[in-house]
$ cat target_32.cif   # mmCIF, C-alpha atoms
data_input
#
loop_
_atom_site.label_atom_id
_atom_site.label_comp_id
_atom_site.auth_asym_id
_atom_site.auth_seq_id
_atom_site.Cartn_x
_atom_site.Cartn_y
_atom_site.Cartn_z
CA MET A 1 0.00 0.00 0.00
CA LYS A 2 1.26 3.48 -0.84
CA ILE A 3 0.47 5.97 1.89
CA GLY A 4 0.51 9.74 1.54
CA LEU A 5 1.39 11.90 4.56
CA LEU A 6 -0.12 15.39 4.60
CA VAL A 7 -0.42 18.38 6.91
CA PHE A 8 -3.17 20.99 6.71
CA PRO A 9 -2.47 23.81 6.12
CA THR A 10 0.36 22.84 3.81
CA LEU A 11 3.87 23.00 5.27
CA TYR A 12 4.75 25.81 2.88
CA ASN A 13 1.83 28.05 3.78
CA THR A 14 3.27 31.46 4.64
CA HIS A 15 0.57 32.49 7.14
CA SER A 16 0.03 36.09 6.04
CA LYS A 17 0.28 38.35 3.03
CA GLU A 18 3.30 40.07 4.57
CA SER A 19 5.09 36.70 4.43
CA ALA A 20 4.07 35.70 0.92
CA GLY A 21 7.34 36.74 -0.71
CA SER A 22 9.58 35.73 2.17
CA ASP A 23 11.95 32.80 2.43
CA LEU A 24 11.92 33.21 6.20
CA GLY A 25 8.79 31.29 7.14
CA GLN A 26 8.62 29.36 10.40
CA ARG A 27 8.91 25.78 9.21
CA LEU A 28 9.83 22.58 11.05
CA GLU A 29 9.54 18.89 10.21
CA PRO A 30 5.86 17.92 10.66
CA SER A 31 5.19 15.24 13.27
CA VAL A 32 3.23 13.24 10.68
CA LEU A 33 6.64 12.11 9.36
CA SER A 34 6.78 9.76 12.35
CA LEU A 35 3.77 7.84 11.04
CA VAL A 36 5.62 5.97 8.31
CA SER A 37 4.13 2.47 8.39
CA LYS A 38 6.40 -0.44 9.29
CA ARG A 39 4.00 -3.03 7.86
CA PRO A 40 5.55 -5.20 5.14
CA GLY A 41 4.67 -3.89 1.68
CA ASP A 42 3.75 -0.35 2.80
CA THR A 43 5.58 2.67 1.42
CA SER A 44 5.10 6.31 2.39
CA VAL A 45 5.54 9.68 0.68
CA PHE A 46 5.13 13.21 1.99
CA VAL A 47 2.64 15.14 -0.14
CA ALA A 48 3.88 18.71 0.25
CA ASP A 49 1.31 20.41 -2.00
CA ASN A 50 -1.79 18.70 -0.51
CA GLN A 51 -2.99 17.66 -3.97
CA PRO A 52 -4.53 14.22 -4.68
CA LYS A 53 -2.22 11.74 -6.39
CA GLU A 54 -3.36 8.90 -8.65
CA ASP A 55 -0.94 6.33 -7.23
CA ILE A 56 -1.68 6.85 -3.51
CA ASP A 57 -3.99 4.33 -1.83
CA LEU A 58 -4.49 6.00 1.56
CA TYR A 59 -3.88 9.44 3.06
CA LEU A 60 -2.82 10.17 6.64
CA CYS A 61 -3.86 13.76 7.28
CA SER A 62 -2.70 15.87 10.23
CA VAL A 63 -5.13 18.79 10.53
CA TYR A 64 -4.65 22.03 12.43
CA THR A 65 -7.65 24.30 12.92
CA ARG A 66 -6.43 26.86 10.40
CA GLY A 67 -6.19 24.12 7.78
CA TRP A 68 -9.70 22.76 8.30
CA GLU A 69 -11.26 24.25 5.16
CA GLU A 70 -8.30 23.11 3.08
CA PHE A 71 -8.68 19.59 4.49
CA VAL A 72 -12.43 19.49 3.79
CA HIS A 73 -11.81 20.49 0.17
CA PHE A 74 -9.17 17.76 -0.18
CA ALA A 75 -11.38 15.12 1.48
CA LYS A 76 -14.25 15.82 -0.91
CA GLN A 77 -11.87 15.23 -3.81
CA VAL A 78 -10.47 11.87 -2.68
CA GLY A 79 -13.38 10.48 -0.63
CA ARG A 80 -13.53 9.73 3.09
CA ASP A 81 -12.71 6.01 2.69
CA LYS A 82 -9.16 6.92 1.70
CA ILE A 83 -8.51 9.17 4.72
CA ILE A 84 -7.27 8.73 8.27
CA ALA A 85 -7.26 12.10 10.04
CA GLY A 86 -5.65 13.23 13.27
CA GLY A 87 -3.99 16.22 14.89
CA TYR A 88 -5.24 19.19 16.92
CA HIS A 89 -8.54 19.85 15.17
CA PRO A 90 -9.72 16.23 14.80
CA THR A 91 -8.95 15.76 18.49
CA ALA A 92 -11.08 18.77 19.38
CA ARG A 93 -13.84 18.01 16.83
CA PRO A 94 -13.75 14.24 16.16
CA LEU A 95 -17.36 13.87 15.05
CA ASP A 96 -17.08 16.78 12.62
CA THR A 97 -13.96 15.17 11.19
CA LEU A 98 -15.61 11.76 10.88
CA ILE A 99 -17.80 13.20 8.13
CA TYR A 100 -14.69 13.48 5.97
CA ALA A 101 -12.46 10.64 7.20
CA LYS A 102 -13.14 6.94 7.71
CA LYS A 103 -10.93 6.89 10.81
CA VAL A 104 -10.29 9.79 13.19
CA VAL A 105 -7.39 9.51 15.63
CA THR A 106 -7.57 11.67 18.75
CA GLY A 107 -4.56 12.72 20.79
CA LEU A 108 -1.04 11.57 20.03
CA CYS A 109 -0.53 8.64 17.69
CA GLY A 110 2.29 6.13 17.97
CA ASN A 111 0.33 3.03 16.96
CA ILE A 112 -0.32 3.70 13.28
CA GLU A 113 0.14 0.04 12.22
CA GLU A 114 -2.56 -1.03 14.66
CA ILE A 115 -4.89 1.64 13.30
CA LEU A 116 -4.18 0.68 9.70
CA ASP A 117 -5.06 -2.94 10.48
CA MET A 118 -8.47 -2.03 11.93
CA SER A 119 -11.20 -2.98 9.48
CA ASN A 120 -13.82 -0.73 11.03
CA GLY A 121 -13.82 3.04 10.97
CA GLY A 122 -14.74 5.52 13.67
CA VAL A 123 -13.06 7.59 16.35
CA ILE A 124 -9.91 5.99 17.77
CA GLN A 125 -7.87 7.12 20.76
CA GLY A 126 -4.21 7.18 19.77
CA LYS A 127 -1.33 5.94 21.93
CA ALA A 128 1.57 8.19 22.94
CA VAL A 129 4.50 6.10 21.74
CA HIS A 130 7.71 7.77 20.53
CA ARG A 131 8.50 7.13 16.88
CA LEU A 132 11.38 8.60 14.92
CA MET A 133 10.63 10.90 12.00
CA ASP A 134 11.58 9.88 8.50
CA ARG A 135 13.24 13.13 7.48
CA SER A 136 14.22 11.69 4.09
CA LEU A 137 10.66 12.33 2.91
CA LEU A 138 11.10 16.10 2.70
CA LYS A 139 13.75 18.70 1.93
CA MET A 140 15.49 19.37 5.20
CA GLN A 141 17.06 22.44 3.57
CA ASP A 142 13.58 24.00 3.50
CA MET A 143 13.21 23.87 7.29
CA GLN A 144 13.62 27.31 8.79
CA GLN A 145 13.31 29.26 12.03
CA VAL A 146 13.26 33.01 12.58
CA TYR A 147 15.45 33.11 15.64
CA PRO A 148 18.39 34.98 17.18
CA ASP A 149 21.81 33.80 15.91
CA VAL A 150 20.28 31.47 13.32
CA MET A 151 21.96 32.41 10.06
CA PRO A 152 20.28 31.82 6.67
CA HIS A 153 22.84 29.17 5.67
CA MET A 154 22.28 27.04 8.78
CA ASN A 155 20.41 23.73 8.64
CA VAL A 156 17.46 23.64 11.03
CA GLY A 157 15.77 20.68 12.71
CA SER A 158 13.76 19.75 15.78
CA SER A 159 13.42 16.95 18.29
CA VAL A 160 10.95 15.72 20.91
CA SER A 161 12.04 14.05 24.16
CA SER A 162 8.84 14.23 26.22
CA VAL A 163 5.14 15.00 25.90
CA GLY A 164 2.51 16.48 28.17
CA CYS A 165 2.30 19.60 30.33
CA PRO A 166 1.28 19.77 34.01
CA TYR A 167 -0.15 23.27 33.56
CA ASP A 168 -3.65 23.96 32.31
CA CYS A 169 -3.65 27.39 30.65
CA ASP A 170 -7.08 28.31 29.33
CA PHE A 171 -5.85 29.18 25.81
CA CYS A 172 -3.68 26.08 25.24
CA ALA A 173 -4.56 22.87 23.36
CA THR A 174 -1.69 20.83 24.82
CA PRO A 175 -3.62 19.33 27.77
CA GLN A 176 -6.20 17.90 25.38
CA MET A 177 -3.66 16.71 22.83
CA SER A 178 -0.86 15.39 25.03
CA GLY A 179 -2.36 15.27 28.52
CA ARG A 180 -1.22 16.87 31.77
CA LYS A 181 0.87 13.87 32.81
CA MET A 182 4.47 14.11 31.60
CA THR A 183 5.83 11.18 29.60
CA ALA A 184 9.56 10.99 28.87
CA TYR A 185 10.95 9.13 25.88
CA SER A 186 13.77 6.62 26.18
CA THR A 187 17.43 7.58 26.03
CA ASP A 188 18.01 5.22 23.09
CA LEU A 189 15.37 6.94 20.96
CA ILE A 190 16.62 10.43 21.81
CA GLU A 191 20.15 9.39 20.89
CA ALA A 192 18.88 7.90 17.61
CA ASP A 193 17.03 11.13 16.82
CA ILE A 194 20.14 13.20 17.53
CA ALA A 195 22.17 10.92 15.24
CA ASP A 196 19.58 11.41 12.49
CA LEU A 197 19.75 15.19 12.85
CA LYS A 198 23.54 15.03 12.64
CA LYS A 199 23.22 12.98 9.44
CA TYR A 200 21.60 16.04 7.85
CA ASP A 201 24.38 18.37 9.09
CA THR A 202 21.90 20.11 11.38
CA ASN A 203 23.26 23.26 13.04
CA VAL A 204 20.13 24.46 14.83
CA VAL A 205 17.87 22.26 16.95
CA PHE A 206 14.63 23.27 18.62
CA ILE A 207 13.55 20.89 21.40
CA ARG A 208 9.83 21.12 20.84
CA ASP A 209 8.57 19.42 24.03
CA GLU A 210 5.58 21.44 25.17
CA SER A 211 6.93 21.62 28.72
CA PHE A 212 10.64 20.83 28.55
CA ALA A 213 11.28 22.57 31.89
CA THR A 214 9.20 19.87 33.65
CA HIS A 215 10.86 16.98 31.79
CA PRO A 216 10.97 13.99 34.21
CA ASN A 217 14.62 13.39 33.22
CA PHE A 218 15.59 17.02 32.66
CA GLU A 219 19.34 16.76 33.34
CA GLU A 220 19.79 13.60 31.29
CA ALA A 221 17.92 15.05 28.30
CA VAL A 222 19.83 18.36 28.45
CA LYS A 223 23.17 16.52 28.47
CA LEU A 224 22.21 14.30 25.53
CA TYR A 225 21.40 17.30 23.34
CA GLY A 226 24.14 19.50 24.77
CA ASN A 227 26.89 17.00 24.03
CA ALA A 228 25.84 16.73 20.37
CA GLY A 229 27.63 19.94 19.38
CA PHE A 230 24.76 21.87 17.79
CA ASP A 231 25.44 25.58 17.17
CA VAL A 232 22.07 26.86 18.38
CA LEU A 233 20.12 24.69 20.81
CA TYR A 234 16.93 25.95 22.40
CA SER A 235 13.66 24.79 23.94
CA PHE A 236 10.47 25.90 25.56
CA GLY A 237 10.65 26.79 29.22
CA THR A 238 8.17 27.43 32.03
CA ALA A 239 9.06 30.08 34.57
CA ALA A 240 7.42 28.29 37.49
CA ALA A 241 9.41 25.12 36.78
CA MET A 242 12.84 26.74 36.45
CA ASN A 243 15.39 27.13 39.25
CA GLU A 244 19.07 27.93 39.59
CA LYS A 245 20.13 24.27 39.44
CA LYS A 246 18.38 23.81 36.09
CA PHE A 247 19.95 26.97 34.71
CA LYS A 248 23.40 25.72 35.67
CA ILE A 249 22.68 22.45 33.83
CA LEU A 250 21.60 24.39 30.74
CA ALA A 251 24.59 26.72 30.87
CA ASP A 252 26.98 23.78 31.19
CA ASN A 253 25.47 22.06 28.17
CA ASN A 254 25.53 24.58 25.34
CA TRP A 255 21.93 25.82 25.75
CA HIS A 256 21.38 28.92 23.65
CA SER A 257 18.02 30.06 25.02
CA LEU A 258 14.64 29.31 26.53
CA CYS A 259 11.31 30.30 24.93
CA LEU A 260 8.86 31.42 27.59
CA GLY A 261 5.29 32.54 27.13
CA LEU A 262 4.64 36.04 28.41
CA GLU A 263 1.10 35.41 27.11
CA ASP A 264 -1.49 38.15 27.66
CA VAL A 265 0.47 40.79 29.54
CA ASN A 266 -2.72 41.85 31.34
CA THR A 267 -3.51 38.35 32.65
CA SER A 268 -1.81 36.52 35.52
CA TYR A 269 -0.93 32.86 34.88
CA ARG A 270 0.26 30.45 37.57
CA LYS A 271 3.19 29.35 35.43
CA ASN A 272 4.47 32.95 35.13
CA LYS A 273 4.51 34.21 38.71
CA SER A 274 8.31 33.92 38.85
CA LEU A 275 8.93 35.27 35.34
CA PHE A 276 10.99 38.26 36.49
CA ALA A 277 13.25 36.13 38.72
CA VAL A 278 13.73 33.65 35.87
CA SER A 279 14.69 36.44 33.48
CA GLU A 280 17.40 37.45 35.97
CA LEU A 281 18.69 33.85 36.07
CA CYS A 282 18.79 33.80 32.26
CA ARG A 283 21.19 36.74 32.27
CA GLN A 284 23.20 35.40 35.20
CA TYR A 285 23.87 32.09 33.44
CA GLY A 286 24.12 33.38 29.89
CA VAL A 287 21.00 31.60 28.65
CA GLY A 288 19.00 33.77 26.29
CA LEU A 289 15.36 34.58 27.02
CA THR A 290 12.84 34.70 24.18
CA LEU A 291 9.25 35.70 24.84
CA SER A 292 6.08 35.00 22.93
CA PHE A 293 3.11 37.17 23.80
CA ILE A 294 -0.60 37.15 23.05
CA VAL A 295 -2.53 40.25 22.03
CA ASN A 296 -6.13 39.81 23.08
CA ASP A 297 -8.11 42.18 20.87
CA GLU A 298 -11.60 41.11 21.95
CA GLY A 299 -13.80 44.14 22.63
CA LYS A 300 -10.86 46.53 22.89
CA THR A 301 -11.12 50.27 22.37
CA LEU A 302 -8.26 52.43 21.09
CA GLU A 303 -7.46 53.36 24.69
CA ASP A 304 -7.30 49.66 25.62
CA VAL A 305 -5.01 48.97 22.65
CA ILE A 306 -2.59 51.73 23.66
CA LYS A 307 -2.48 50.53 27.28
CA ASN A 308 -1.79 46.98 26.13
CA TYR A 309 1.20 47.90 23.96
CA GLN A 310 2.57 50.22 26.62
CA ALA A 311 2.38 47.33 29.10
CA LEU A 312 4.24 45.13 26.62
CA THR A 313 6.97 47.73 26.16
CA GLN A 314 7.39 47.98 29.91
CA ALA A 315 7.57 44.17 30.21
CA PHE A 316 10.30 43.98 27.56
CA PHE A 317 12.42 46.56 29.39
CA GLU A 318 11.99 44.69 32.68
CA LEU A 319 12.54 41.13 31.37
CA LYS A 320 15.14 41.96 28.69
CA PRO A 321 14.44 39.21 26.14
CA ILE A 322 16.68 38.62 23.13
CA MET A 323 13.57 37.97 21.03
CA VAL A 324 9.86 38.77 21.26
CA CYS A 325 7.17 37.20 19.10
CA ALA A 326 3.65 38.55 18.67
CA ASN A 327 0.56 36.35 18.47
CA PHE A 328 -3.03 37.48 18.28
CA PHE A 329 -5.57 35.70 20.45
CA MET A 330 -7.00 32.52 18.90
CA PRO A 331 -9.81 30.73 20.81
CA LEU A 332 -8.87 27.24 19.60
CA PRO A 333 -11.60 24.58 19.69
CA GLY A 334 -11.12 22.23 22.61
CA THR A 335 -9.46 24.81 24.86
CA LYS A 336 -11.28 26.37 27.80
CA LEU A 337 -11.33 29.77 26.10
CA GLY A 338 -12.28 28.31 22.75
CA ASP A 339 -15.18 26.35 24.15
CA SER A 340 -16.40 29.33 26.16
CA MET A 341 -16.52 31.38 22.94
CA ARG A 342 -17.98 28.69 20.71
CA ASP A 343 -21.08 30.74 19.91
CA ARG A 344 -18.95 33.68 18.79
CA VAL A 345 -16.44 31.82 16.62
CA SER A 346 -17.80 30.37 13.41
CA PRO A 347 -15.94 27.75 11.31
CA ALA A 348 -15.48 30.48 8.70
CA MET A 349 -13.15 32.24 11.15
CA TRP A 350 -10.85 29.24 11.57
CA SER A 351 -8.89 30.00 8.41
CA LYS A 352 -7.77 33.23 10.12
CA PHE A 353 -6.26 31.33 13.06
CA ASP A 354 -2.73 32.18 11.93
CA SER A 355 -1.81 34.12 15.11
CA LYS A 356 -1.04 37.17 12.94
CA THR A 357 -4.65 38.29 12.35
CA PRO A 358 -6.70 40.23 14.95
CA LEU A 359 -9.93 38.25 14.97
CA PHE A 360 -12.17 40.56 16.99
CA SER A 361 -10.99 44.07 16.19
CA THR A 362 -13.18 46.58 14.42
CA PRO A 363 -12.10 47.38 10.84
CA GLU A 364 -10.76 50.71 12.10
CA LEU A 365 -8.51 49.03 14.67
CA GLU A 366 -7.51 45.83 12.86
CA TYR A 367 -4.70 47.26 10.75
CA LEU A 368 -3.50 49.47 13.60
CA GLN A 369 -3.25 46.38 15.81
CA ARG A 370 -1.14 44.61 13.21
CA GLN A 371 1.10 47.63 12.77
CA LEU A 372 1.61 48.03 16.52
CA ALA A 373 2.34 44.30 16.94
CA VAL A 374 5.31 44.80 14.59
CA ALA A 375 6.24 48.23 15.94
CA VAL A 376 6.42 47.05 19.57
CA GLN A 377 8.99 44.44 18.55
CA LEU A 378 11.06 46.82 16.42
CA ASN A 379 10.96 49.46 19.12
CA TRP A 380 12.62 47.02 21.53
CA TYR A 381 15.18 45.65 19.08
CA ARG A 382 16.38 49.10 18.03
CA TYR A 383 16.53 50.55 21.52
CA LYS A 384 19.87 51.11 23.31
CA GLU A 385 18.81 48.76 26.14
CA TYR A 386 18.61 45.88 23.67
CA ALA A 387 22.07 46.69 22.31
CA LYS A 388 23.47 45.88 25.75
CA LEU A 389 22.21 42.29 25.28
CA ARG A 390 23.32 41.59 21.72
CA ASN A 391 23.75 43.10 18.26
CA PHE A 392 20.38 43.12 16.53
CA GLU A 393 21.73 43.99 13.06
CA CYS A 394 23.83 40.85 12.71
CA GLY A 395 22.27 39.34 9.58
CA ASP A 396 20.55 36.45 11.37
CA THR A 397 17.04 35.34 10.44
CA LEU A 398 15.48 37.45 13.19
CA HIS A 399 17.14 40.60 11.85
CA LEU A 400 16.33 39.80 8.22
CA ARG A 401 12.69 38.99 8.98
CA MET A 402 12.16 42.20 10.95
CA VAL A 403 13.65 44.19 8.06
CA GLU A 404 11.07 42.56 5.79
CA LEU A 405 8.30 43.54 8.20
CA GLU A 406 9.62 47.10 8.42
CA LYS A 407 9.11 47.41 4.68
CA ALA A 408 5.77 45.62 4.69
CA PHE A 409 4.31 48.01 7.26
CA GLY A 410 6.02 51.22 6.10
CA PHE A 411 8.55 51.48 8.92
CA GLU A 412 11.72 51.39 6.81
CA ASN A 413 12.43 55.02 7.71
CA GLY A 414 11.69 54.45 11.37
CA ILE A 415 8.55 54.06 13.45
CA PRO A 416 6.37 57.19 13.16
CA GLN A 417 6.24 59.32 16.30
CA GLU A 418 2.51 58.74 16.62
CA TYR A 419 3.10 55.01 17.05
CA LEU A 420 6.03 55.59 19.40
CA ASN A 421 3.66 57.59 21.58
CA TYR A 422 1.31 54.58 21.61
CA LEU A 423 4.14 52.25 22.69
CA ASN A 424 6.15 54.13 25.29
CA PRO A 425 4.48 54.76 28.65
#

$ encode --input "target_32.cif" --output "structure tokens"
Amino acid sequence: MKIGLLVFPTLYNTHSKESAGSDLGQRLEPSVLSLVSKRPGDTSVFVADNQPKEDIDLYLCSVYTRGWEEFVHFAKQVGRDKIIAGGYHPTARPLDTLIYAKKVVTGLCGNIEEILDMSNGGVIQGKAVHRLMDRSLLKMQDMQQVYPDVMPHMNVGSSVSSVGCPYDCDFCATPQMSGRKMTAYSTDLIEADIADLKKYDTNVVFIRDESFATHPNFEEAVKLYGNAGFDVLYSFGTAAAMNEKKFKILADNNWHSLCLGLEDVNTSYRKNKSLFAVSELCRQYGVGLTLSFIVNDEGKTLEDVIKNYQALTQAFFELKPIMVCANFFMPLPGTKLGDSMRDRVSPAMWSKFDSKTPLFSTPELEYLQRQLAVAVQLNWYRYKEYAKLRNFECGDTLHLRMVELEKAFGFENGIPQEYLNYLNP
């Protein structure tokens, strides 16, 4: 049997019109590459363009909410009997997905052979078993990350050493997808994955565990990756789970940085109560701090918008991150926030769940929000306080991408004073 592996939206989707002409899209190996069947006689291909192929017998489709409409269109072309669907959206909406797929896998999937052998269709709970990706099915040279100190010529890859997250943030789909109980993968499999990354001359590795800071075997995992000699090695972090001992382990093992979620700057999250202290430890131990933040635009007036971006500016100056990344609020199906707003979010809105589109702003405020989301980042990068941390204009992918956004939003000659007044308290 020839099996096609697909992700929706397509891996090469550039998310927004400002990214359409850019080679600097955020792109990592899709987890569906781990579902290559080991049954005798099965072969697998990665279908990058999401177009039906005459010689493929069955399609394994990983569907994110933003790719739902694209998936539905594809399913109508090939027929539901040729589709097994899984991923975030099928897990959140299994019965909706069952209309378009014979089998719907919820949660993580490590038992694809067992699922393929099932004669009956329906909704199937997947098993969280670690499987290595088959990176030979795509062009590893196309993988890319916009990140500090990642140069355009570097080869980028990712790895997973644990799943789950003990926290239960209201906006996050991880508890539903991976569970709140942490599961660590075996040393042998992590070592095999590292060896595979080295085979592709990988310079940059993102450890994509949802909650790496609470890894059950944190020190062992850090040493395995740290001893591999990657140029840029980084992971997610959780402020509440970090301490000085863990920072020393990271610093001793070539860790470039931790990605922490600042989230909605106006909302207090349990995981972030020690964020300031952790930012101090980052600087003390030479581990970079990168921050992602969420702009909640629901029901906001111009005054609310200005206060929000001023609060973000103040947070950047206090926490001193080497990178900040803007995301607009997305009430994902299956999350607490998403389910609470189900009556307000129609399926037609899902295609806008790209994190770069204000979903609830008035037409008058929508473009301003998008401009300010870029301006608040540029304002920090080009400020003298940032220059004390590192050189922004170093030609890495972060610098090059922000230059593209400067041009896209008309800031190539500097941020207009009006917007600076909006940003600086």

$ atom_distance --input "target_32.cif" --atom1 "CA of Ser274 (chain A)" --atom2 "CA of Glu318 (chain A)"
12.9 Å

$ residues_around --input "target_32.cif" --residues "region 332-339 of chain A" --least-positions-apart "3" --cutoff "10 Å" --atoms "all atoms listed in the file" --output "PDB file with C-alpha atoms, in the frame of the given file"
ATOM      1  CA  TYR A  64      -4.650  22.030  12.430  1.00  0.00           C
ATOM      2  CA  THR A  65      -7.650  24.300  12.920  1.00  0.00           C
ATOM      3  CA  ARG A  66      -6.430  26.860  10.400  1.00  0.00           C
ATOM      4  CA  TYR A  88      -5.240  19.190  16.920  1.00  0.00           C
ATOM      5  CA  HIS A  89      -8.540  19.850  15.170  1.00  0.00           C
ATOM      6  CA  PRO A  90      -9.720  16.230  14.800  1.00  0.00           C
ATOM      7  CA  THR A  91      -8.950  15.760  18.490  1.00  0.00           C
ATOM      8  CA  ALA A  92     -11.080  18.770  19.380  1.00  0.00           C
ATOM      9  CA  ARG A  93     -13.840  18.010  16.830  1.00  0.00           C
ATOM     10  CA  ASP A 168      -3.650  23.960  32.310  1.00  0.00           C
ATOM     11  CA  CYS A 169      -3.650  27.390  30.650  1.00  0.00           C
ATOM     12  CA  ASP A 170      -7.080  28.310  29.330  1.00  0.00           C
ATOM     13  CA  PHE A 171      -5.850  29.180  25.810  1.00  0.00           C
ATOM     14  CA  CYS A 172      -3.680  26.080  25.240  1.00  0.00           C
ATOM     15  CA  ALA A 173      -4.560  22.870  23.360  1.00  0.00           C
ATOM     16  CA  THR A 174      -1.690  20.830  24.820  1.00  0.00           C
ATOM     17  CA  PRO A 175      -3.620  19.330  27.770  1.00  0.00           C
ATOM     18  CA  GLN A 176      -6.200  17.900  25.380  1.00  0.00           C
ATOM     19  CA  MET A 177      -3.660  16.710  22.830  1.00  0.00           C
ATOM     20  CA  PHE A 329      -5.570  35.700  20.450  1.00  0.00           C
ATOM     21  CA  ARG A 342     -17.980  28.690  20.710  1.00  0.00           C
ATOM     22  CA  ASP A 343     -21.080  30.740  19.910  1.00  0.00           C
ATOM     23  CA  ARG A 344     -18.950  33.680  18.790  1.00  0.00           C
ATOM     24  CA  VAL A 345     -16.440  31.820  16.620  1.00  0.00           C
ATOM     25  CA  PRO A 347     -15.940  27.750  11.310  1.00  0.00           C
ATOM     26  CA  TRP A 350     -10.850  29.240  11.570  1.00  0.00           C
ATOM     27  CA  PHE A 353      -6.260  31.330  13.060  1.00  0.00           C
TER      28      PHE A 353
END

$ closest_residue --input "target_32.cif" --among "A:Val305, A:Leu319, A:Ala375, A:Val295" --to "Leu275 (chain A)" --atoms "only C-alpha atoms"
A:Leu319

$ resolve_selection --input "target_32.cif" --expression "the PyMOL selection byres ((chain A and resi 184) around 7)" --output "count of residues only"
9

$ closest_residue --input "target_32.cif" --among "A:Leu389, A:Met143, A:Val78, A:Ile56" --to "Lys320 (chain A)" --atoms "all atoms listed in the file"
A:Leu389

$ atom_distance --input "target_32.cif" --atom1 "CA of Gln26 (chain A)" --atom2 "CA of Thr397 (chain A)"
10.3 Å

$ atom_distance --input "target_32.cif" --atom1 "CA of Gln145 (chain A)" --atom2 "CA of Ala311 (chain A)"
27.2 Å

$ decode --input "target_32.cif" --residues "region 377-388 of chain A" --atoms "N, CA, C and O atoms" --output "compact mmCIF listing (two decimals), in the first residue's frame"
# COMPACT_ATOMS: atom_id res chain seq x y z
N GLN A 377 7.79 45.28 18.63
CA GLN A 377 8.99 44.44 18.55
C GLN A 377 10.19 45.26 18.06
O GLN A 377 11.27 45.23 18.65
N LEU A 378 9.98 46.00 16.96
CA LEU A 378 11.06 46.82 16.42
C LEU A 378 11.55 47.87 17.41
O LEU A 378 12.74 48.15 17.52
N ASN A 379 10.61 48.45 18.13
CA ASN A 379 10.96 49.46 19.12
C ASN A 379 11.94 48.90 20.15
O ASN A 379 12.89 49.58 20.55
N TRP A 380 11.73 47.65 20.56
CA TRP A 380 12.62 47.02 21.53
C TRP A 380 13.96 46.67 20.90
O TRP A 380 15.02 46.97 21.46
N TYR A 381 13.94 46.08 19.71
CA TYR A 381 15.18 45.65 19.08
C TYR A 381 16.12 46.82 18.76
O TYR A 381 17.33 46.67 18.78
N ARG A 382 15.56 47.97 18.45
CA ARG A 382 16.38 49.10 18.03
C ARG A 382 16.64 50.09 19.17
O ARG A 382 17.15 51.18 18.95
N TYR A 383 16.30 49.68 20.38
CA TYR A 383 16.53 50.55 21.52
C TYR A 383 17.90 50.25 22.13
O TYR A 383 18.41 49.14 22.04
N LYS A 384 18.51 51.26 22.77
CA LYS A 384 19.87 51.11 23.31
C LYS A 384 19.93 50.04 24.41
O LYS A 384 21.00 49.43 24.62
N GLU A 385 18.81 49.79 25.11
CA GLU A 385 18.81 48.76 26.14
C GLU A 385 19.01 47.38 25.53
O GLU A 385 19.66 46.52 26.11
N TYR A 386 18.44 47.16 24.34
CA TYR A 386 18.61 45.88 23.67
C TYR A 386 20.05 45.69 23.22
O TYR A 386 20.60 44.58 23.26
N ALA A 387 20.69 46.77 22.79
CA ALA A 387 22.07 46.69 22.31
C ALA A 387 23.02 46.22 23.40
O ALA A 387 24.11 45.70 23.10
N LYS A 388 22.64 46.37 24.65
CA LYS A 388 23.47 45.88 25.75
C LYS A 388 23.42 44.35 25.83
O LYS A 388 24.32 43.73 26.43
